[in-house]
$ cat entry_11.cif   # mmCIF, C-alpha atoms (C1' of nucleotides)
data_upload
loop_
_atom_site.label_atom_id
_atom_site.label_comp_id
_atom_site.auth_asym_id
_atom_site.auth_seq_id
_atom_site.Cartn_x
_atom_site.Cartn_y
_atom_site.Cartn_z
CA MET A 1 33.92 -9.81 2.96
CA ASP A 2 34.58 -7.96 -0.21
CA TYR A 3 31.50 -6.37 -1.65
CA SER A 4 33.26 -4.42 -4.36
CA ARG A 5 31.50 -4.05 -7.67
CA ASP A 6 34.05 -6.41 -9.24
CA ASN A 7 33.09 -9.17 -6.86
CA MET A 8 29.39 -8.62 -7.35
CA ALA A 9 29.63 -9.94 -10.90
CA GLY A 10 30.85 -13.30 -9.63
CA LEU A 11 28.21 -13.39 -6.94
CA LEU A 12 25.51 -12.77 -9.51
CA ARG A 13 26.89 -15.41 -11.87
CA SER A 14 27.04 -17.94 -9.06
CA HIS A 15 23.33 -17.37 -8.57
CA ASP A 16 22.60 -17.79 -12.24
CA ILE A 17 22.03 -14.12 -12.85
CA ASN A 18 23.41 -12.35 -15.88
CA PRO A 19 25.52 -9.55 -14.37
CA THR A 20 24.53 -6.34 -16.08
CA HIS A 21 25.64 -2.89 -15.05
CA GLN A 22 22.41 -2.07 -13.23
CA ARG A 23 22.27 -5.41 -11.45
CA ILE A 24 25.82 -4.96 -10.22
CA GLU A 25 24.99 -1.52 -8.89
CA ILE A 26 21.91 -2.78 -7.07
CA ALA A 27 23.74 -5.77 -5.62
CA HIS A 28 26.55 -3.49 -4.53
CA ALA A 29 24.10 -1.14 -2.81
CA LEU A 30 22.49 -4.01 -0.91
CA PHE A 31 25.59 -5.94 0.07
CA SER A 32 27.99 -3.12 0.85
CA HIS A 33 25.33 -1.57 3.06
CA GLN A 34 24.61 -4.83 4.86
CA SER A 35 21.31 -3.62 6.19
CA HIS A 36 17.63 -3.84 5.43
CA LEU A 37 16.73 -1.56 2.59
CA SER A 38 13.44 -0.80 0.94
CA ALA A 39 13.04 -0.50 -2.81
CA ASP A 40 13.06 3.28 -2.74
CA GLN A 41 16.18 3.35 -0.57
CA VAL A 42 17.91 1.09 -3.07
CA MET A 43 16.79 3.37 -5.84
CA ALA A 44 18.12 6.43 -4.04
CA LEU A 45 21.48 4.77 -3.39
CA VAL A 46 21.90 3.62 -6.94
CA ASN A 47 21.05 7.01 -8.36
CA THR A 48 23.03 9.25 -6.01
CA ARG A 49 25.54 10.52 -8.53
CA HIS A 50 23.26 10.76 -11.52
CA SER A 51 20.13 8.99 -12.55
CA GLU A 52 21.26 5.64 -13.83
CA THR A 53 18.60 3.10 -13.06
CA SER A 54 14.85 3.30 -13.48
CA LYS A 55 12.23 2.40 -10.94
CA ALA A 56 11.05 -0.52 -13.07
CA THR A 57 14.54 -1.98 -13.18
CA VAL A 58 15.00 -1.65 -9.44
CA TYR A 59 11.75 -3.50 -8.79
CA ASN A 60 12.42 -6.11 -11.47
CA THR A 61 15.92 -6.70 -10.20
CA LEU A 62 14.92 -7.05 -6.57
CA LYS A 63 12.30 -9.57 -7.60
CA LEU A 64 14.87 -11.44 -9.65
CA PHE A 65 17.38 -11.51 -6.78
CA LEU A 66 14.62 -12.80 -4.55
CA GLU A 67 13.70 -15.65 -6.90
CA LYS A 68 17.31 -16.62 -7.29
CA GLY A 69 17.81 -16.70 -3.54
CA LEU A 70 20.37 -13.92 -3.45
CA ILE A 71 18.37 -11.85 -0.98
CA ARG A 72 15.40 -12.23 1.33
CA GLU A 73 12.23 -10.25 1.79
CA VAL A 74 11.23 -9.00 5.23
CA ILE A 75 7.62 -8.04 5.72
CA VAL A 76 7.09 -6.20 8.97
CA ASN A 77 5.44 -3.01 7.88
CA PRO A 78 2.46 -3.10 5.60
CA SER A 79 3.55 -0.06 3.67
CA LYS A 80 7.00 -1.13 2.68
CA VAL A 81 8.94 -4.31 1.99
CA PHE A 82 12.53 -4.57 3.16
CA TYR A 83 15.18 -6.56 1.37
CA ASP A 84 17.78 -8.39 3.34
CA PRO A 85 21.12 -9.43 1.85
CA ASN A 86 21.59 -11.88 4.70
CA THR A 87 20.05 -15.15 3.56
CA SER A 88 21.39 -17.35 6.34
CA ALA A 89 18.82 -18.51 8.88
CA HIS A 90 17.96 -15.63 11.16
CA HIS A 91 15.09 -13.76 12.68
CA HIS A 92 14.24 -10.12 13.21
CA LEU A 93 13.85 -7.59 15.93
CA TYR A 94 11.60 -4.77 14.84
CA GLU A 95 11.45 -1.46 16.63
CA VAL A 96 7.88 -0.42 16.04
CA ASP A 97 8.31 3.31 16.58
CA THR A 98 11.39 3.91 14.49
CA GLY A 99 11.03 1.10 11.99
CA GLU A 100 14.52 -0.11 12.82
CA LEU A 101 15.16 -3.73 11.96
CA THR A 102 17.92 -5.83 13.53
CA ASP A 103 18.97 -9.41 12.90
CA ILE A 104 18.68 -12.18 15.46
CA ASP A 105 21.00 -15.06 14.78
CA ALA A 106 18.92 -18.22 14.46
CA SER A 107 21.53 -20.58 15.86
CA GLN A 108 20.63 -19.69 19.46
CA VAL A 109 16.89 -19.79 18.94
CA HIS A 110 14.85 -22.94 19.18
CA ILE A 111 11.29 -23.31 18.08
CA SER A 112 9.53 -26.50 19.03
CA GLY A 113 6.04 -27.86 18.99
CA LEU A 114 4.96 -26.61 15.61
CA PRO A 115 2.12 -28.72 14.25
CA ALA A 116 2.57 -31.01 11.27
CA LEU A 117 1.94 -29.40 7.92
CA PRO A 118 -1.13 -30.27 5.89
CA ALA A 119 -0.44 -33.12 3.45
CA GLY A 120 1.41 -32.16 0.29
CA MET A 121 2.71 -28.94 1.73
CA VAL A 122 6.29 -27.93 2.33
CA THR A 123 7.71 -25.16 4.43
CA GLU A 124 9.09 -22.28 2.48
CA GLY A 125 10.37 -20.42 5.49
CA ILE A 126 9.73 -19.49 9.07
CA ASP A 127 9.67 -15.83 9.94
CA LEU A 128 9.96 -14.86 13.55
CA ILE A 129 9.53 -11.18 14.28
CA VAL A 130 9.92 -9.76 17.76
CA ARG A 131 8.20 -6.40 17.89
CA ILE A 132 9.61 -4.10 20.50
CA ARG A 133 9.14 -0.52 21.60
CA ARG A 134 10.54 1.89 24.15
CA ALA A 135 9.04 1.26 27.61
CA ASP A 136 6.67 4.06 28.62
CA MET B 1 -19.89 -17.75 21.53
CA ASP B 2 -22.56 -15.30 20.64
CA TYR B 3 -21.46 -12.79 18.10
CA SER B 4 -24.85 -11.25 17.50
CA ARG B 5 -25.00 -7.53 16.93
CA ASP B 6 -26.62 -7.09 20.35
CA ASN B 7 -23.63 -8.62 22.04
CA MET B 8 -21.15 -6.61 20.03
CA ALA B 9 -22.23 -3.45 21.84
CA GLY B 10 -21.17 -4.90 25.17
CA LEU B 11 -17.91 -6.15 23.72
CA LEU B 12 -17.13 -2.70 22.39
CA ARG B 13 -18.02 -1.03 25.67
CA SER B 14 -15.84 -3.45 27.59
CA HIS B 15 -12.96 -2.28 25.41
CA ASP B 16 -13.73 1.34 26.03
CA ILE B 17 -15.19 1.91 22.59
CA ASN B 18 -18.33 3.90 22.04
CA PRO B 19 -20.63 1.45 20.23
CA THR B 20 -21.99 3.22 17.20
CA HIS B 21 -24.00 1.59 14.47
CA GLN B 22 -21.05 1.36 12.08
CA ARG B 23 -18.71 0.01 14.73
CA ILE B 24 -21.18 -2.68 15.67
CA GLU B 25 -21.52 -3.73 12.06
CA ILE B 26 -17.77 -3.91 11.59
CA ALA B 27 -17.25 -5.83 14.83
CA HIS B 28 -20.04 -8.19 13.84
CA ALA B 29 -18.44 -8.80 10.45
CA LEU B 30 -15.08 -9.61 12.02
CA PHE B 31 -16.27 -11.74 14.92
CA SER B 32 -19.09 -13.66 13.33
CA HIS B 33 -16.77 -14.56 10.49
CA GLN B 34 -13.95 -15.66 12.80
CA SER B 35 -11.34 -15.46 10.11
CA HIS B 36 -8.66 -13.16 8.84
CA LEU B 37 -10.19 -10.36 6.85
CA SER B 38 -8.63 -7.47 5.00
CA ALA B 39 -10.04 -3.96 5.13
CA ASP B 40 -11.71 -4.27 1.76
CA GLN B 41 -13.28 -7.60 2.71
CA VAL B 42 -14.68 -5.98 5.83
CA MET B 43 -16.00 -3.14 3.75
CA ALA B 44 -17.65 -5.55 1.32
CA LEU B 45 -19.28 -7.52 4.15
CA VAL B 46 -20.58 -4.44 5.87
CA ASN B 47 -22.04 -3.02 2.68
CA THR B 48 -23.62 -6.15 1.21
CA ARG B 49 -27.22 -5.06 1.56
CA HIS B 50 -26.78 -1.43 0.76
CA SER B 51 -23.93 0.99 1.13
CA GLU B 52 -23.87 1.90 4.79
CA THR B 53 -20.30 2.55 5.79
CA SER B 54 -17.62 4.54 4.07
CA LYS B 55 -14.08 3.47 3.38
CA ALA B 56 -12.73 6.09 5.78
CA THR B 57 -14.87 4.75 8.58
CA VAL B 58 -13.82 1.17 7.96
CA TYR B 59 -10.15 2.13 8.12
CA ASN B 60 -10.61 4.41 11.13
CA THR B 61 -12.59 1.77 12.97
CA LEU B 62 -10.13 -1.01 12.32
CA LYS B 63 -7.35 1.22 13.59
CA LEU B 64 -9.41 2.04 16.67
CA PHE B 65 -10.16 -1.63 17.37
CA LEU B 66 -6.45 -2.34 17.01
CA GLU B 67 -5.44 0.36 19.51
CA LYS B 68 -8.02 -0.83 21.98
CA GLY B 69 -6.80 -4.39 21.70
CA LEU B 70 -10.01 -5.77 20.31
CA ILE B 71 -8.35 -7.25 17.25
CA ARG B 72 -4.86 -7.98 15.96
CA GLU B 73 -3.06 -7.11 12.79
CA VAL B 74 -1.40 -9.81 10.71
CA ILE B 75 1.21 -8.68 8.24
CA VAL B 76 2.17 -11.46 5.87
CA ASN B 77 1.60 -9.93 2.51
CA PRO B 78 3.00 -6.54 1.66
CA SER B 79 -0.03 -5.51 -0.31
CA LYS B 80 -2.71 -6.12 2.27
CA VAL B 81 -3.09 -6.18 6.04
CA PHE B 82 -5.28 -8.82 7.64
CA TYR B 83 -7.24 -8.26 10.82
CA ASP B 84 -7.61 -11.08 13.26
CA PRO B 85 -10.42 -11.15 15.85
CA ASN B 86 -8.47 -13.76 17.80
CA THR B 87 -6.25 -11.86 20.22
CA SER B 88 -5.14 -14.80 22.32
CA ALA B 89 -1.52 -15.88 21.85
CA HIS B 90 -1.20 -17.70 18.58
CA HIS B 91 0.87 -17.89 15.45
CA HIS B 92 0.11 -18.22 11.77
CA LEU B 93 0.44 -20.60 8.91
CA TYR B 94 0.48 -18.77 5.61
CA GLU B 95 -0.13 -20.49 2.32
CA VAL B 96 1.94 -18.43 -0.05
CA ASP B 97 0.15 -19.31 -3.27
CA THR B 98 -3.42 -18.88 -2.17
CA GLY B 99 -2.94 -16.33 0.58
CA GLU B 100 -4.78 -18.57 3.02
CA LEU B 101 -4.01 -17.87 6.64
CA THR B 102 -4.55 -20.38 9.45
CA ASP B 103 -4.05 -20.08 13.19
CA ILE B 104 -1.50 -22.07 15.12
CA ASP B 105 -2.32 -22.35 18.79
CA ALA B 106 0.60 -20.94 20.76
CA SER B 107 0.19 -23.23 23.76
CA GLN B 108 1.99 -26.10 22.00
CA VAL B 109 4.77 -23.98 20.57
CA HIS B 110 7.90 -23.11 22.51
CA ILE B 111 10.39 -20.52 21.49
CA SER B 112 13.62 -20.41 23.45
CA GLY B 113 16.97 -18.73 23.19
CA LEU B 114 15.81 -15.29 22.16
CA PRO B 115 18.42 -12.69 23.05
CA ALA B 116 17.83 -10.10 25.77
CA LEU B 117 16.18 -6.92 24.59
CA PRO B 118 18.12 -3.68 24.37
CA ALA B 119 17.82 -1.65 27.58
CA GLY B 120 14.60 0.29 28.02
CA MET B 121 12.74 -1.78 25.46
CA VAL B 122 9.73 -3.95 25.97
CA THR B 123 8.26 -6.63 23.78
CA GLU B 124 5.07 -5.66 22.10
CA GLY B 125 4.50 -9.03 20.53
CA ILE B 126 6.10 -11.99 18.86
CA ASP B 127 4.88 -12.94 15.43
CA LEU B 128 5.74 -16.32 14.10
CA ILE B 129 4.75 -16.99 10.53
CA VAL B 130 5.27 -20.34 8.89
CA ARG B 131 5.17 -19.87 5.14
CA ILE B 132 4.13 -22.98 3.27
CA ARG B 133 3.36 -23.95 -0.29
CA ARG B 134 2.26 -26.99 -2.25
CA ALA B 135 5.18 -29.36 -2.86
CA ASP B 136 6.23 -29.37 -6.54
"C1'" DC C 1 28.83 -4.69 -39.26
"C1'" DC C 2 24.30 -6.99 -38.50
"C1'" DG C 3 20.32 -9.50 -36.44
"C1'" DG C 4 17.98 -10.80 -32.43
"C1'" DG C 5 17.02 -11.84 -27.79
"C1'" DA C 6 17.70 -10.00 -23.23
"C1'" DA C 7 17.53 -6.00 -20.49
"C1'" DT C 8 16.18 -1.38 -19.54
"C1'" DT C 9 13.29 2.64 -19.74
"C1'" DA C 10 9.58 6.34 -19.08
"C1'" DG C 11 5.53 6.95 -17.83
"C1'" DA C 12 0.73 5.51 -17.42
"C1'" DC C 13 -1.73 2.86 -14.31
"C1'" DA C 14 -3.61 0.17 -10.11
"C1'" DA C 15 -4.58 -0.58 -5.35
"C1'" DA C 16 -4.22 0.28 -0.42
"C1'" DG C 17 -4.53 3.50 2.69
"C1'" DT C 18 -4.65 8.60 4.48
"C1'" DC C 19 -6.51 13.04 5.00
"C1'" DC C 20 -9.64 16.79 5.26
"C1'" DA C 21 -13.48 19.81 5.54
"C1'" DG C 22 -18.17 19.55 5.81
"C1'" DA C 23 -22.46 16.95 7.17
"C1'" DT C 24 -24.77 13.94 10.65
"C1'" DT C 25 -25.62 11.98 14.85
"C1'" DG C 26 -26.84 11.71 19.36
"C1'" DC C 27 -26.17 13.47 23.96
"C1'" DT C 28 -26.92 16.98 27.59
"C1'" DG C 29 -28.92 20.42 30.19
"C1'" DA C 30 -32.57 23.72 30.46
"C1'" DT D 1 -38.92 19.68 23.30
"C1'" DC D 2 -34.93 21.86 21.69
"C1'" DA D 3 -30.48 24.37 21.00
"C1'" DG D 4 -25.69 23.52 21.52
"C1'" DC D 5 -21.85 20.69 21.18
"C1'" DA D 6 -18.62 17.07 20.71
"C1'" DA D 7 -18.00 12.81 18.55
"C1'" DT D 8 -18.54 10.41 14.50
"C1'" DC D 9 -19.11 9.65 9.70
"C1'" DT D 10 -18.69 10.83 4.84
"C1'" DG D 11 -17.15 11.54 -0.14
"C1'" DG D 12 -13.62 12.38 -2.59
"C1'" DA D 13 -9.12 14.09 -3.47
"C1'" DC D 14 -4.65 12.68 -2.58
"C1'" DT D 15 -0.24 9.87 -1.59
"C1'" DT D 16 2.60 6.02 -1.90
"C1'" DT D 17 4.15 1.60 -3.27
"C1'" DG D 18 4.42 -1.22 -6.73
"C1'" DT D 19 3.00 -3.11 -11.65
"C1'" DC D 20 2.54 -3.04 -16.57
"C1'" DT D 21 3.51 -2.02 -21.32
"C1'" DA D 22 5.36 -0.70 -25.53
"C1'" DA D 23 9.27 1.23 -27.25
"C1'" DT D 24 14.29 1.57 -27.05
"C1'" DT D 25 19.00 0.12 -26.01
"C1'" DC D 26 22.48 -3.18 -25.15
"C1'" DC D 27 25.36 -6.89 -26.20
"C1'" DC D 28 26.88 -11.09 -28.28
"C1'" DG D 29 27.66 -14.48 -31.95
"C1'" DG D 30 28.42 -14.83 -36.62
#

$ encode --input "entry_11.cif" --output "structure tokens"
Amino acid sequence: MDYSRDNMAGLLRSHDINPTHQRIEIAHALFSHQSHLSADQVMALVNTRHSETSKATVYNTLKLFLEKGLIREVIVNPSKVFYDPNTSAHHHLYEVDTGELTDIDASQVHISGLPALPAGMVTEGIDLIVRIRRAD
Amino acid sequence: MDYSRDNMAGLLRSHDINPTHQRIEIAHALFSHQSHLSADQVMALVNTRHSETSKATVYNTLKLFLEKGLIREVIVNPSKVFYDPNTSAHHHLYEVDTGELTDIDASQVHISGLPALPAGMVTEGIDLIVRIRRAD
DNA sequence: CCGGGAATTAGACAAAGTCCAGATTGCTGA
DNA sequence: TCAGCAATCTGGACTTTGTCTAATTCCCGG
């Protein structure tokens, strides 16, 4: 995959997002890294050379990407949300001690026996998190 | 089940927790309610009559209960942790719009095909969260 | 070049949770 | 009963993540 800044513009447009300079930088940080980043990590990456993007813009942009389905949110740790550029169906392995988060491909995993949803409700997503730690 | 304050003392002792007045009140709030409460909801319940228990104690006690396996933590919303007095295997249904959290009995649900854990790691728990919302 | 809507910004603010040093509690042994 | 002592509790300052707002800047069509 090519996650160059040039290609980010097209990716943003294809998700109905106006590609501005800051948005391209943020998308580039997320996609070229291909890992789970928190808002402050994104901010640090985007502002490594010189301060270019404000905190408000980082938060606004992540929220926008989320709404437009460009990225996913992973909630495993109450104190920090992670953003995941991988939007294909997958689950997560969470190392409790280190905070490390790894993807689990969903194609191998089967979940059966879930009860029917209450009337008028639709599923927005199923999050499966396997919490692991080093054996004592 | 009897979740009277008198019985809470025994429950605490059986989990190796010194039953103090504040701890009994907090346990009573959680267990008699039998629902998913956040720290500030617990604090409000415990201090309805008159202010009896400080914020620090509520947080310390919830953390203690968690370590001792008396309650579980449910992380669905980045801004607030819920505490669950039901520690038997079960999953959660989360209504995104209202924040309502419902239990799913785990005995009906089967999860298969999870990959082997990295060497030297053990599973601490598996959290399955089904996020739902009202159909548009 | 100009007007205007979209985007960005700094910084004040809010809320959840942590931390600490001092006060209280409630045993224990004499 | 009481002093001593460890465990517990407390208020309040503090930290961190994230939100809000009002003012500015950017960019595009005309």

$ closest_atom_pairs --input "entry_11.cif" --of "chain C" --to "chain B" --cutoff "9 Å" --atoms "only C-alpha atoms (C1' of nucleotides)" --output "Markdown table"
| residue | atom | partner | partner_atom | distance |
| --- | --- | --- | --- | --- |
| C:DA15 | C1' | B:Ser79 | CA | 8.4 |
| C:DA16 | C1' | B:Lys80 | CA | 7.1 |
| C:DG17 | C1' | B:Tyr59 | CA | 7.9 |
| C:DT18 | C1' | B:Ala56 | CA | 8.6 |

$ residues_around --input "entry_11.cif" --residues "Val58 of chain A" --least-positions-apart "3" --cutoff "12 Å" --atoms "all atoms listed in the file" --output "number ranges by chain"
A: 22-27, 29-30, 38-47, 52-55, 61-65, 83; C: 8-9; D: 18

$ residues_around --input "entry_11.cif" --residues "DG29 of chain C" --least-positions-apart "5" --cutoff "12 Å" --atoms "only C-alpha atoms (C1' of nucleotides)" --output "PyMOL selection string"
chain D and resi 2-5

$ atom_distance --input "entry_11.cif" --atom1 "atom C1' of DC14 of chain D" --atom2 "atom CA of Gly99 of chain A"
24.3 Å

$ resolve_selection --input "entry_11.cif" --expression "the PyMOL selection byres ((chain D) within 9 of (chain B))" --output "JSON, numbers by chain"
{"D": [8, 9, 10, 11, 17, 18]}

$ write_last_selection --input "entry_11.cif" --atoms "C-alpha atoms (C1' of nucleotides)" --output "short mmCIF file (atom, residue, chain, number, x, y, z; two decimals), in the coordinates of the input"
data_model
loop_
_atom_site.label_atom_id
_atom_site.label_comp_id
_atom_site.auth_asym_id
_atom_site.auth_seq_id
_atom_site.Cartn_x
_atom_site.Cartn_y
_atom_site.Cartn_z
"C1'" DT D 8 -18.54 10.41 14.50
"C1'" DC D 9 -19.11 9.65 9.70
"C1'" DT D 10 -18.69 10.83 4.84
"C1'" DG D 11 -17.15 11.54 -0.14
"C1'" DT D 17 4.15 1.60 -3.27
"C1'" DG D 18 4.42 -1.22 -6.73
#

$ interface_residues --input "entry_11.cif" --of "chain B" --to "chain A" --cutoff "6 Å" --atoms "all atoms listed in the file" --output "PyMOL selection string"
chain B and resi 78+108-114+120-135

$ write_last_selection --input "entry_11.cif" --atoms "C-alpha atoms" --output "short mmCIF file (atom, residue, chain, number, x, y, z; two decimals), in the coordinates of the input"
data_model
loop_
_atom_site.label_atom_id
_atom_site.label_comp_id
_atom_site.auth_asym_id
_atom_site.auth_seq_id
_atom_site.Cartn_x
_atom_site.Cartn_y
_atom_site.Cartn_z
CA PRO B 78 3.00 -6.54 1.66
CA GLN B 108 1.99 -26.10 22.00
CA VAL B 109 4.77 -23.98 20.57
CA HIS B 110 7.90 -23.11 22.51
CA ILE B 111 10.39 -20.52 21.49
CA SER B 112 13.62 -20.41 23.45
CA GLY B 113 16.97 -18.73 23.19
CA LEU B 114 15.81 -15.29 22.16
CA GLY B 120 14.60 0.29 28.02
CA MET B 121 12.74 -1.78 25.46
CA VAL B 122 9.73 -3.95 25.97
CA THR B 123 8.26 -6.63 23.78
CA GLU B 124 5.07 -5.66 22.10
CA GLY B 125 4.50 -9.03 20.53
CA ILE B 126 6.10 -11.99 18.86
CA ASP B 127 4.88 -12.94 15.43
CA LEU B 128 5.74 -16.32 14.10
CA ILE B 129 4.75 -16.99 10.53
CA VAL B 130 5.27 -20.34 8.89
CA ARG B 131 5.17 -19.87 5.14
CA ILE B 132 4.13 -22.98 3.27
CA ARG B 133 3.36 -23.95 -0.29
CA ARG B 134 2.26 -26.99 -2.25
CA ALA B 135 5.18 -29.36 -2.86
#

$ atom_distance --input "entry_11.cif" --atom1 "atom CA of Gln34 of chain B" --atom2 "atom CA of Gly69 of chain B"
16.0 Å

$ atom_distance --input "entry_11.cif" --atom1 "atom CA of Thr87 of chain B" --atom2 "atom CA of Leu101 of chain A"
24.3 Å

$ resolve_selection --input "entry_11.cif" --expression "the PyMOL selection byres ((chain D and resi 20) around 10)" --output "list of chain:residue names"
A:Ala56, C:DA12, C:DC13, C:DA14, D:DT19, D:DT21, D:DA22

$ resolve_selection --input "entry_11.cif" --expression "the PyMOL selection byres ((chain A and resi 1-9) around 7)" --output "MDAnalysis selection string"
chainID A and resid 10:13 19 24 27:28 31:32

$ closest_residue --input "entry_11.cif" --among "C:DA30, C:DC19, C:DT25, C:DG4" --to "DA7 of chain D" --atoms "all atoms listed in the file"
C:DT25

$ closest_residue --input "entry_11.cif" --among "D:DA6, D:DT24, D:DG29, D:DT15" --to "DG3 of chain C" --atoms "only C-alpha atoms (C1' of nucleotides)"
D:DG29
